[in-house]
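Next up, model-v4.pdb (PDB, C-alpha atoms, pLDDT in the B column):
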```
ATOM      1  CA  ASP H 223     -21.596  35.706 102.915  1.00 93.00           C
ATOM      2  CA  ILE H 224     -21.187  35.695 106.682  1.00 97.00           C
ATOM      3  CA  ARG H 225     -18.296  37.940 107.625  1.00 98.00           C
ATOM      4  CA  LEU H 226     -16.027  36.991 110.529  1.00 98.00           C
ATOM      5  CA  THR H 227     -14.142  39.825 112.226  1.00 98.00           C
ATOM      6  CA  GLN H 228     -11.181  38.787 114.331  1.00 98.00           C
ATOM      7  CA  SER H 229      -9.521  40.989 116.889  1.00 98.00           C
ATOM      8  CA  PRO H 230      -6.856  41.892 117.447  1.00 98.00           C
ATOM      9  CA  SER H 231      -5.160  41.396 114.093  1.00 97.00           C
ATOM     10  CA  SER H 232      -1.903  40.886 115.932  1.00 97.00           C
ATOM     11  CA  LEU H 233      -0.622  40.772 119.475  1.00 97.00           C
ATOM     12  CA  SER H 234       2.629  40.397 121.325  1.00 97.00           C
ATOM     13  CA  ALA H 235       2.799  38.138 124.351  1.00 96.00           C
ATOM     14  CA  SER H 236       5.290  36.354 126.556  1.00 96.00           C
ATOM     15  CA  VAL H 237       5.642  32.683 127.393  1.00 96.00           C
ATOM     16  CA  GLY H 238       3.286  31.958 130.268  1.00 96.00           C
ATOM     17  CA  ASP H 239       0.783  34.684 129.377  1.00 97.00           C
ATOM     18  CA  THR H 240      -2.906  34.046 128.822  1.00 97.00           C
ATOM     19  CA  VAL H 241      -4.029  35.203 125.388  1.00 97.00           C
ATOM     20  CA  THR H 242      -7.586  35.864 124.219  1.00 98.00           C
ATOM     21  CA  ILE H 243      -8.643  36.226 120.585  1.00 98.00           C
ATOM     22  CA  THR H 244     -12.165  37.175 119.607  1.00 98.00           C
ATOM     23  CA  CYS H 245     -14.194  36.417 116.504  1.00 98.00           C
ATOM     24  CA  ARG H 246     -17.442  38.225 115.758  1.00 98.00           C
ATOM     25  CA  ALA H 247     -19.858  36.974 113.107  1.00 98.00           C
ATOM     26  CA  SER H 248     -21.964  39.330 110.994  1.00 98.00           C
ATOM     27  CA  GLN H 249     -25.056  37.265 111.872  1.00 98.00           C
ATOM     28  CA  SER H 250     -25.898  34.523 114.337  1.00 98.00           C
ATOM     29  CA  ILE H 251     -24.178  31.224 113.534  1.00 97.00           C
ATOM     30  CA  GLY H 252     -25.175  29.177 116.567  1.00 96.00           C
ATOM     31  CA  ASN H 253     -22.078  27.242 117.594  1.00 96.00           C
ATOM     32  CA  SER H 254     -20.827  26.513 114.048  1.00 96.00           C
ATOM     33  CA  LEU H 255     -17.472  28.122 114.706  1.00 97.00           C
ATOM     34  CA  ASN H 256     -14.053  26.495 114.480  1.00 98.00           C
ATOM     35  CA  TRP H 257     -10.540  27.680 115.310  1.00 98.00           C
ATOM     36  CA  TYR H 258      -7.253  26.858 113.541  1.00 98.00           C
ATOM     37  CA  GLN H 259      -3.560  27.474 114.133  1.00 98.00           C
ATOM     38  CA  GLN H 260      -1.244  28.078 111.215  1.00 98.00           C
ATOM     39  CA  LYS H 261       2.519  28.301 111.276  1.00 97.00           C
ATOM     40  CA  SER H 262       4.537  29.812 108.462  1.00 95.00           C
ATOM     41  CA  GLY H 263       4.664  27.572 105.404  1.00 95.00           C
ATOM     42  CA  ARG H 264       2.332  24.980 106.940  1.00 97.00           C
ATOM     43  CA  ALA H 265      -1.302  24.082 106.549  1.00 98.00           C
ATOM     44  CA  PRO H 266      -3.802  25.227 109.175  1.00 98.00           C
ATOM     45  CA  LYS H 267      -4.359  22.838 112.068  1.00 98.00           C
ATOM     46  CA  LEU H 268      -7.754  22.372 113.718  1.00 98.00           C
ATOM     47  CA  LEU H 269      -7.791  23.333 117.400  1.00 98.00           C
ATOM     48  CA  ILE H 270     -11.426  23.834 118.408  1.00 98.00           C
ATOM     49  CA  PHE H 271     -14.658  22.769 116.703  1.00 97.00           C
ATOM     50  CA  GLY H 272     -18.268  23.531 117.474  1.00 96.00           C
ATOM     51  CA  ALA H 273     -17.142  26.681 119.327  1.00 97.00           C
ATOM     52  CA  SER H 274     -15.865  24.848 122.402  1.00 97.00           C
ATOM     53  CA  SER H 275     -14.874  21.227 121.664  1.00 97.00           C
ATOM     54  CA  LEU H 276     -11.165  20.481 121.809  1.00 98.00           C
ATOM     55  CA  GLN H 277      -9.840  18.536 118.824  1.00 97.00           C
ATOM     56  CA  SER H 278      -8.144  15.271 119.743  1.00 96.00           C
ATOM     57  CA  GLY H 279      -4.453  15.720 120.479  1.00 96.00           C
ATOM     58  CA  VAL H 280      -4.660  19.483 121.044  1.00 98.00           C
ATOM     59  CA  PRO H 281      -3.286  20.636 124.419  1.00 98.00           C
ATOM     60  CA  SER H 282      -5.857  21.562 127.036  1.00 98.00           C
ATOM     61  CA  ARG H 283      -4.414  25.077 127.368  1.00 98.00           C
ATOM     62  CA  PHE H 284      -6.484  25.889 124.272  1.00 98.00           C
ATOM     63  CA  SER H 285     -10.155  26.575 124.904  1.00 98.00           C
ATOM     64  CA  GLY H 286     -13.038  28.096 123.020  1.00 98.00           C
ATOM     65  CA  SER H 287     -16.296  29.680 124.049  1.00 98.00           C
ATOM     66  CA  GLY H 288     -19.219  31.619 122.693  1.00 98.00           C
ATOM     67  CA  SER H 289     -22.344  31.209 120.629  1.00 98.00           C
ATOM     68  CA  GLY H 290     -24.471  33.279 118.312  1.00 97.00           C
ATOM     69  CA  THR H 291     -22.221  36.077 117.063  1.00 98.00           C
ATOM     70  CA  ASP H 292     -19.412  36.360 119.618  1.00 98.00           C
ATOM     71  CA  PHE H 293     -16.691  33.772 120.127  1.00 98.00           C
ATOM     72  CA  THR H 294     -13.393  33.565 121.977  1.00 98.00           C
ATOM     73  CA  LEU H 295     -10.254  31.483 121.708  1.00 98.00           C
ATOM     74  CA  THR H 296      -8.174  31.443 124.878  1.00 98.00           C
ATOM     75  CA  ILE H 297      -4.633  30.144 125.185  1.00 98.00           C
ATOM     76  CA  SER H 298      -3.648  29.682 128.813  1.00 96.00           C
ATOM     77  CA  SER H 299       0.022  29.696 129.749  1.00 94.00           C
ATOM     78  CA  LEU H 300       1.355  30.457 126.279  1.00 96.00           C
ATOM     79  CA  GLN H 301       4.119  28.122 125.158  1.00 96.00           C
ATOM     80  CA  PRO H 302       6.911  28.747 122.606  1.00 94.00           C
ATOM     81  CA  ASP H 303       5.157  26.418 120.161  1.00 95.00           C
ATOM     82  CA  ASP H 304       2.014  28.595 120.255  1.00 97.00           C
ATOM     83  CA  PHE H 305       3.472  31.577 118.414  1.00 94.00           C
ATOM     84  CA  ALA H 306       1.531  31.387 115.147  1.00 97.00           C
ATOM     85  CA  THR H 307      -1.470  32.828 113.321  1.00 97.00           C
ATOM     86  CA  TYR H 308      -4.949  31.844 114.460  1.00 98.00           C
ATOM     87  CA  TYR H 309      -8.072  31.795 112.304  1.00 98.00           C
ATOM     88  CA  CYS H 310     -11.744  31.357 113.013  1.00 98.00           C
ATOM     89  CA  GLN H 311     -14.027  29.712 110.460  1.00 98.00           C
ATOM     90  CA  GLN H 312     -17.799  29.315 110.278  1.00 97.00           C
ATOM     91  CA  SER H 313     -19.751  26.534 108.641  1.00 95.00           C
ATOM     92  CA  TYR H 314     -23.282  27.789 109.404  1.00 95.00           C
ATOM     93  CA  ALA H 315     -23.573  28.960 105.805  1.00 94.00           C
ATOM     94  CA  ILE H 316     -21.117  29.149 102.892  1.00 94.00           C
ATOM     95  CA  ILE H 317     -17.796  28.575 104.659  1.00 96.00           C
ATOM     96  CA  THR H 318     -15.838  31.703 105.474  1.00 97.00           C
ATOM     97  CA  PHE H 319     -12.740  32.463 107.518  1.00 98.00           C
ATOM     98  CA  GLY H 320     -11.626  35.338 109.664  1.00 98.00           C
ATOM     99  CA  ALA H 321      -8.596  37.373 108.577  1.00 97.00           C
ATOM    100  CA  GLY H 322      -6.384  35.899 111.264  1.00 98.00           C
ATOM    101  CA  THR H 323      -4.612  36.958 114.449  1.00 98.00           C
ATOM    102  CA  ASN H 324      -0.822  36.825 114.510  1.00 97.00           C
ATOM    103  CA  VAL H 325       0.541  35.957 117.956  1.00 98.00           C
ATOM    104  CA  GLU H 326       4.132  37.164 118.262  1.00 96.00           C
ATOM    105  CA  ILE H 327       6.781  36.881 120.915  1.00 90.00           C
ATOM    106  CA  LYS H 328       7.112  39.984 123.080  1.00 89.00           C
TER     107      LYS H 328
ATOM    108  CA  GLN Z   9      -3.573   8.475 110.353  1.00 93.00           C
ATOM    109  CA  VAL Z  10      -5.460  10.500 107.754  1.00 95.00           C
ATOM    110  CA  GLN Z  11      -3.195  11.985 105.122  1.00 97.00           C
ATOM    111  CA  LEU Z  12      -4.015  14.139 102.126  1.00 98.00           C
ATOM    112  CA  GLN Z  13      -1.620  15.054  99.347  1.00 98.00           C
ATOM    113  CA  GLU Z  14      -2.177  17.609  96.598  1.00 98.00           C
ATOM    114  CA  SER Z  15      -0.631  17.194  93.176  1.00 98.00           C
ATOM    115  CA  GLY Z  16      -0.684  19.172  89.956  1.00 97.00           C
ATOM    116  CA  PRO Z  17       1.170  21.815  87.961  1.00 96.00           C
ATOM    117  CA  GLY Z  18       2.706  24.702  89.850  1.00 96.00           C
ATOM    118  CA  LEU Z  19       2.444  27.073  86.893  1.00 98.00           C
ATOM    119  CA  VAL Z  20      -0.614  27.756  84.749  1.00 98.00           C
ATOM    120  CA  LYS Z  21      -0.948  30.296  81.940  1.00 98.00           C
ATOM    121  CA  PRO Z  22      -3.640  32.973  82.075  1.00 98.00           C
ATOM    122  CA  SER Z  23      -6.973  31.919  80.501  1.00 97.00           C
ATOM    123  CA  GLU Z  24      -6.053  28.238  80.825  1.00 98.00           C
ATOM    124  CA  THR Z  25      -7.396  25.624  83.245  1.00 98.00           C
ATOM    125  CA  LEU Z  26      -5.946  24.813  86.650  1.00 98.00           C
ATOM    126  CA  SER Z  27      -6.239  21.130  87.603  1.00 98.00           C
ATOM    127  CA  LEU Z  28      -5.298  19.665  90.977  1.00 98.00           C
ATOM    128  CA  THR Z  29      -5.797  16.249  92.530  1.00 98.00           C
ATOM    129  CA  CYS Z  30      -5.872  15.258  96.184  1.00 98.00           C
ATOM    130  CA  SER Z  31      -5.004  11.702  97.208  1.00 98.00           C
ATOM    131  CA  VAL Z  32      -6.495  10.418 100.448  1.00 98.00           C
ATOM    132  CA  SER Z  33      -5.089   7.754 102.742  1.00 97.00           C
ATOM    133  CA  GLY Z  34      -6.044   6.534 106.189  1.00 96.00           C
ATOM    134  CA  ALA Z  35      -9.724   7.466 105.853  1.00 95.00           C
ATOM    135  CA  SER Z  36     -12.842   6.183 104.175  1.00 95.00           C
ATOM    136  CA  MET Z  37     -14.166   8.440 101.432  1.00 95.00           C
ATOM    137  CA  PHE Z  38     -17.605   7.921 102.986  1.00 95.00           C
ATOM    138  CA  ASP Z  39     -16.689   9.573 106.280  1.00 94.00           C
ATOM    139  CA  TYR Z  40     -16.132  13.180 105.207  1.00 96.00           C
ATOM    140  CA  PHE Z  41     -16.867  15.881 102.716  1.00 97.00           C
ATOM    141  CA  TRP Z  42     -13.778  16.648 100.639  1.00 98.00           C
ATOM    142  CA  ALA Z  43     -12.861  20.285 100.323  1.00 98.00           C
ATOM    143  CA  TRP Z  44     -10.602  22.681  98.460  1.00 98.00           C
ATOM    144  CA  ILE Z  45      -9.387  25.854 100.155  1.00 98.00           C
ATOM    145  CA  ARG Z  46      -6.947  28.403  98.818  1.00 98.00           C
ATOM    146  CA  GLN Z  47      -4.845  31.039 100.541  1.00 98.00           C
ATOM    147  CA  THR Z  48      -3.423  34.299  99.256  1.00 94.00           C
ATOM    148  CA  PRO Z  49      -1.702  37.124 101.108  1.00 86.00           C
ATOM    149  CA  GLY Z  50      -4.419  39.512  99.976  1.00 87.00           C
ATOM    150  CA  LYS Z  51      -7.624  37.559 100.537  1.00 89.00           C
ATOM    151  CA  GLY Z  52      -6.506  35.114 103.217  1.00 94.00           C
ATOM    152  CA  LEU Z  53      -8.135  31.705 103.470  1.00 98.00           C
ATOM    153  CA  GLU Z  54     -10.925  31.121 100.970  1.00 97.00           C
ATOM    154  CA  TRP Z  55     -13.115  28.035 100.753  1.00 97.00           C
ATOM    155  CA  VAL Z  56     -13.525  27.054  97.102  1.00 98.00           C
ATOM    156  CA  GLY Z  57     -15.961  24.159  97.466  1.00 97.00           C
ATOM    157  CA  ASP Z  58     -16.417  20.586  98.579  1.00 96.00           C
ATOM    158  CA  ILE Z  59     -17.913  17.281  97.531  1.00 97.00           C
ATOM    159  CA  SER Z  60     -19.388  14.232  99.202  1.00 96.00           C
ATOM    160  CA  TYR Z  61     -18.724  10.621  98.267  1.00 95.00           C
ATOM    161  CA  THR Z  62     -22.035  10.661  96.381  1.00 94.00           C
ATOM    162  CA  GLY Z  63     -20.754  13.482  94.175  1.00 94.00           C
ATOM    163  CA  SER Z  64     -22.967  16.139  95.743  1.00 95.00           C
ATOM    164  CA  VAL Z  65     -21.066  19.427  95.459  1.00 96.00           C
ATOM    165  CA  SER Z  66     -21.104  22.870  97.035  1.00 95.00           C
ATOM    166  CA  TYR Z  67     -19.194  25.760  95.534  1.00 96.00           C
ATOM    167  CA  LYS Z  68     -18.332  29.272  96.615  1.00 95.00           C
ATOM    168  CA  PRO Z  69     -20.935  31.291  94.695  1.00 94.00           C
ATOM    169  CA  SER Z  70     -18.438  33.697  93.161  1.00 91.00           C
ATOM    170  CA  ALA Z  71     -16.467  30.768  91.709  1.00 91.00           C
ATOM    171  CA  ARG Z  72     -19.351  28.533  90.674  1.00 93.00           C
ATOM    172  CA  SER Z  73     -19.154  29.365  86.974  1.00 95.00           C
ATOM    173  CA  ARG Z  74     -15.492  28.334  86.741  1.00 97.00           C
ATOM    174  CA  VAL Z  75     -15.070  25.532  89.294  1.00 98.00           C
ATOM    175  CA  THR Z  76     -15.639  21.807  89.088  1.00 98.00           C
ATOM    176  CA  ILE Z  77     -14.899  19.394  91.922  1.00 98.00           C
ATOM    177  CA  SER Z  78     -15.110  15.657  91.307  1.00 98.00           C
ATOM    178  CA  VAL Z  79     -14.480  12.537  93.375  1.00 97.00           C
ATOM    179  CA  ASP Z  80     -13.274   9.023  92.623  1.00 96.00           C
ATOM    180  CA  THR Z  81     -14.012   6.896  95.669  1.00 93.00           C
ATOM    181  CA  SER Z  82     -12.394   3.771  94.206  1.00 95.00           C
ATOM    182  CA  MET Z  83      -9.092   5.577  93.690  1.00 95.00           C
ATOM    183  CA  LYS Z  84      -9.515   7.554  96.932  1.00 97.00           C
ATOM    184  CA  LEU Z  85      -8.962  10.898  95.322  1.00 97.00           C
ATOM    185  CA  PHE Z  86     -10.818  14.081  94.494  1.00 98.00           C
ATOM    186  CA  SER Z  87     -10.014  16.814  92.033  1.00 98.00           C
ATOM    187  CA  LEU Z  88     -10.372  20.532  91.386  1.00 98.00           C
ATOM    188  CA  THR Z  89     -10.564  22.212  88.029  1.00 98.00           C
ATOM    189  CA  LEU Z  90     -10.703  25.977  87.681  1.00 98.00           C
ATOM    190  CA  LYS Z  91     -11.247  27.393  84.222  1.00 98.00           C
ATOM    191  CA  SER Z  92     -10.138  30.686  82.693  1.00 97.00           C
ATOM    192  CA  VAL Z  93      -7.619  31.476  85.388  1.00 97.00           C
ATOM    193  CA  THR Z  94      -6.149  34.914  85.982  1.00 97.00           C
ATOM    194  CA  ALA Z  95      -3.365  36.217  88.195  1.00 96.00           C
ATOM    195  CA  ALA Z  96      -5.957  36.529  90.966  1.00 96.00           C
ATOM    196  CA  ASP Z  97      -6.113  32.725  91.113  1.00 97.00           C
ATOM    197  CA  THR Z  98      -2.463  32.534  92.149  1.00 98.00           C
ATOM    198  CA  ALA Z  99      -2.564  30.944  95.591  1.00 98.00           C
ATOM    199  CA  VAL Z 100      -1.564  28.073  97.800  1.00 98.00           C
ATOM    200  CA  TYR Z 101      -4.254  25.455  97.268  1.00 98.00           C
ATOM    201  CA  TYR Z 102      -5.098  23.043 100.077  1.00 98.00           C
ATOM    202  CA  CYS Z 103      -7.273  19.973 100.075  1.00 98.00           C
ATOM    203  CA  ALA Z 104      -8.965  19.018 103.327  1.00 98.00           C
ATOM    204  CA  SER Z 105     -11.506  16.702 104.903  1.00 98.00           C
ATOM    205  CA  ARG Z 106     -14.608  18.375 106.328  1.00 97.00           C
ATOM    206  CA  ALA Z 107     -16.644  16.760 109.083  1.00 93.00           C
ATOM    207  CA  THR Z 108     -20.165  15.793 108.100  1.00 90.00           C
ATOM    208  CA  SER Z 109     -21.523  16.676 111.534  1.00 83.00           C
ATOM    209  CA  GLY Z 110     -20.643  18.822 114.512  1.00 75.00           C
ATOM    210  CA  GLY Z 111     -19.124  22.135 113.489  1.00 79.00           C
ATOM    211  CA  GLY Z 112     -18.404  21.231 109.864  1.00 89.00           C
ATOM    212  CA  GLN Z 113     -14.773  21.579 110.766  1.00 96.00           C
ATOM    213  CA  LEU Z 114     -11.862  20.998 108.404  1.00 98.00           C
ATOM    214  CA  GLU Z 115     -10.145  18.210 110.277  1.00 97.00           C
ATOM    215  CA  HIS Z 116      -7.293  17.101 108.062  1.00 98.00           C
ATOM    216  CA  TRP Z 117      -5.354  19.165 105.558  1.00 98.00           C
ATOM    217  CA  GLY Z 118      -2.859  18.481 102.813  1.00 98.00           C
ATOM    218  CA  GLN Z 119       0.437  20.307 102.920  1.00 98.00           C
ATOM    219  CA  GLY Z 120      -0.699  22.720 100.227  1.00 98.00           C
ATOM    220  CA  THR Z 121       0.580  23.394  96.735  1.00 98.00           C
ATOM    221  CA  LEU Z 122       1.483  26.776  95.289  1.00 98.00           C
ATOM    222  CA  VAL Z 123      -0.103  27.480  91.934  1.00 98.00           C
ATOM    223  CA  THR Z 124       1.143  30.514  90.056  1.00 98.00           C
ATOM    224  CA  VAL Z 125      -0.796  31.955  87.122  1.00 98.00           C
ATOM    225  CA  SER Z 126       1.644  33.589  84.760  1.00 97.00           C
ATOM    226  CA  SER Z 127       2.593  33.581  81.104  1.00 96.00           C
TER     227      SER Z 127
END
```
Any chance you could put this one into structure tokens?
Amino acid sequence: DIRLTQSPSSLSASVGDTVTITCRASQSIGNSLNWYQQKSGRAPKLLIFGASSLQSGVPSRFSGSGSGTDFTLTISSLQPDDFATYYCQQSYAIITFGAGTNVEIK
Amino acid sequence: QVQLQESGPGLVKPSETLSLTCSVSGASMFDYFWAWIRQTPGKGLEWVGDISYTGSVSYKPSARSRVTISVDTSMKLFSLTLKSVTAADTAVYYCASRATSGGGQLEHWGQGTLVTVSS
């Protein structure tokens, strides 16, 4: 299986901060990388697909970049609604997920 | 809008079979693959498998011997069965729609259902 390593596993940030989360794949996956947001007790919500395409309805402060093995999710001007756990997921091979990054209020 | 809803027992005895159904509304069964994902505190999010409207299936290799996913396009639902369950199968189970192109992203999710394996 392709392993996805997310870093950091958690971070503390303030409203208005810019936050960057990275996801590294154990082998090249092209741009077959997606990002999700999950709040406690809720299902994950798709934010970014194909490494950099913004899902319809998702605020433009979310952006994704990268290809091959290294990917980044950036949240510009963090809002109160953005405090959640974020996961990357690859679909290049058998689908796997990263372990998640918990974004907490500083 | 696209909505998915899981249904099934919340408690299953060890060695028995877990069966869940996902009802789909607001989407054509021909437009997506239909997936099952589970989540545990220990192993995180884990893709179990998915199926197309033709019945073509893909399963997580480690689960292949125990898992069956089926689809009923006329009833707009798909189902998961997992045989010989153990406590390790205790999880929140989600159904989701997976895009057939682009990044293979899981676009729409059900709310999830907790299944506990216990005697």
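Compared by their closest atoms to Tyr309 in chain H, and using all atoms listed in the file, the residues H:Thr323, H:Ser282, H:Ser274, H:Ser229 rank with H:Thr323 nearest.
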Exercise. Given the file shown, determine the residues that the ChimeraX specification (/H :<6) & /Z selects; report them as a VMD selection string.
Key: chain Z and resid 111 to 112 115 119
Self-check item: Computed interatomic separation between CA of Thr25 in chain Z and CA of Phe38 in chain Z (Å)
Solution: 28.4 Å
Quiz prompt | Residues matched by the PyMOL selection byres ((chain Z and resi 95-107) around 6) as JSON, numbers by chain | solution = {"Z": [40, 41, 42, 43, 44, 45, 46, 47, 48, 94, 108, 109, 112, 113, 114, 115, 116, 117, 118, 120, 121, 122, 123, 124, 125]}
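Within the 8 Å cut-off around Ser236 in chain H, using all atoms listed in the file and omitting residues fewer than 2 positions from it on the same chain, the listed residues are Ser234, Gly238, Asp239, Leu300, Ile327 and Lys328 of chain H.
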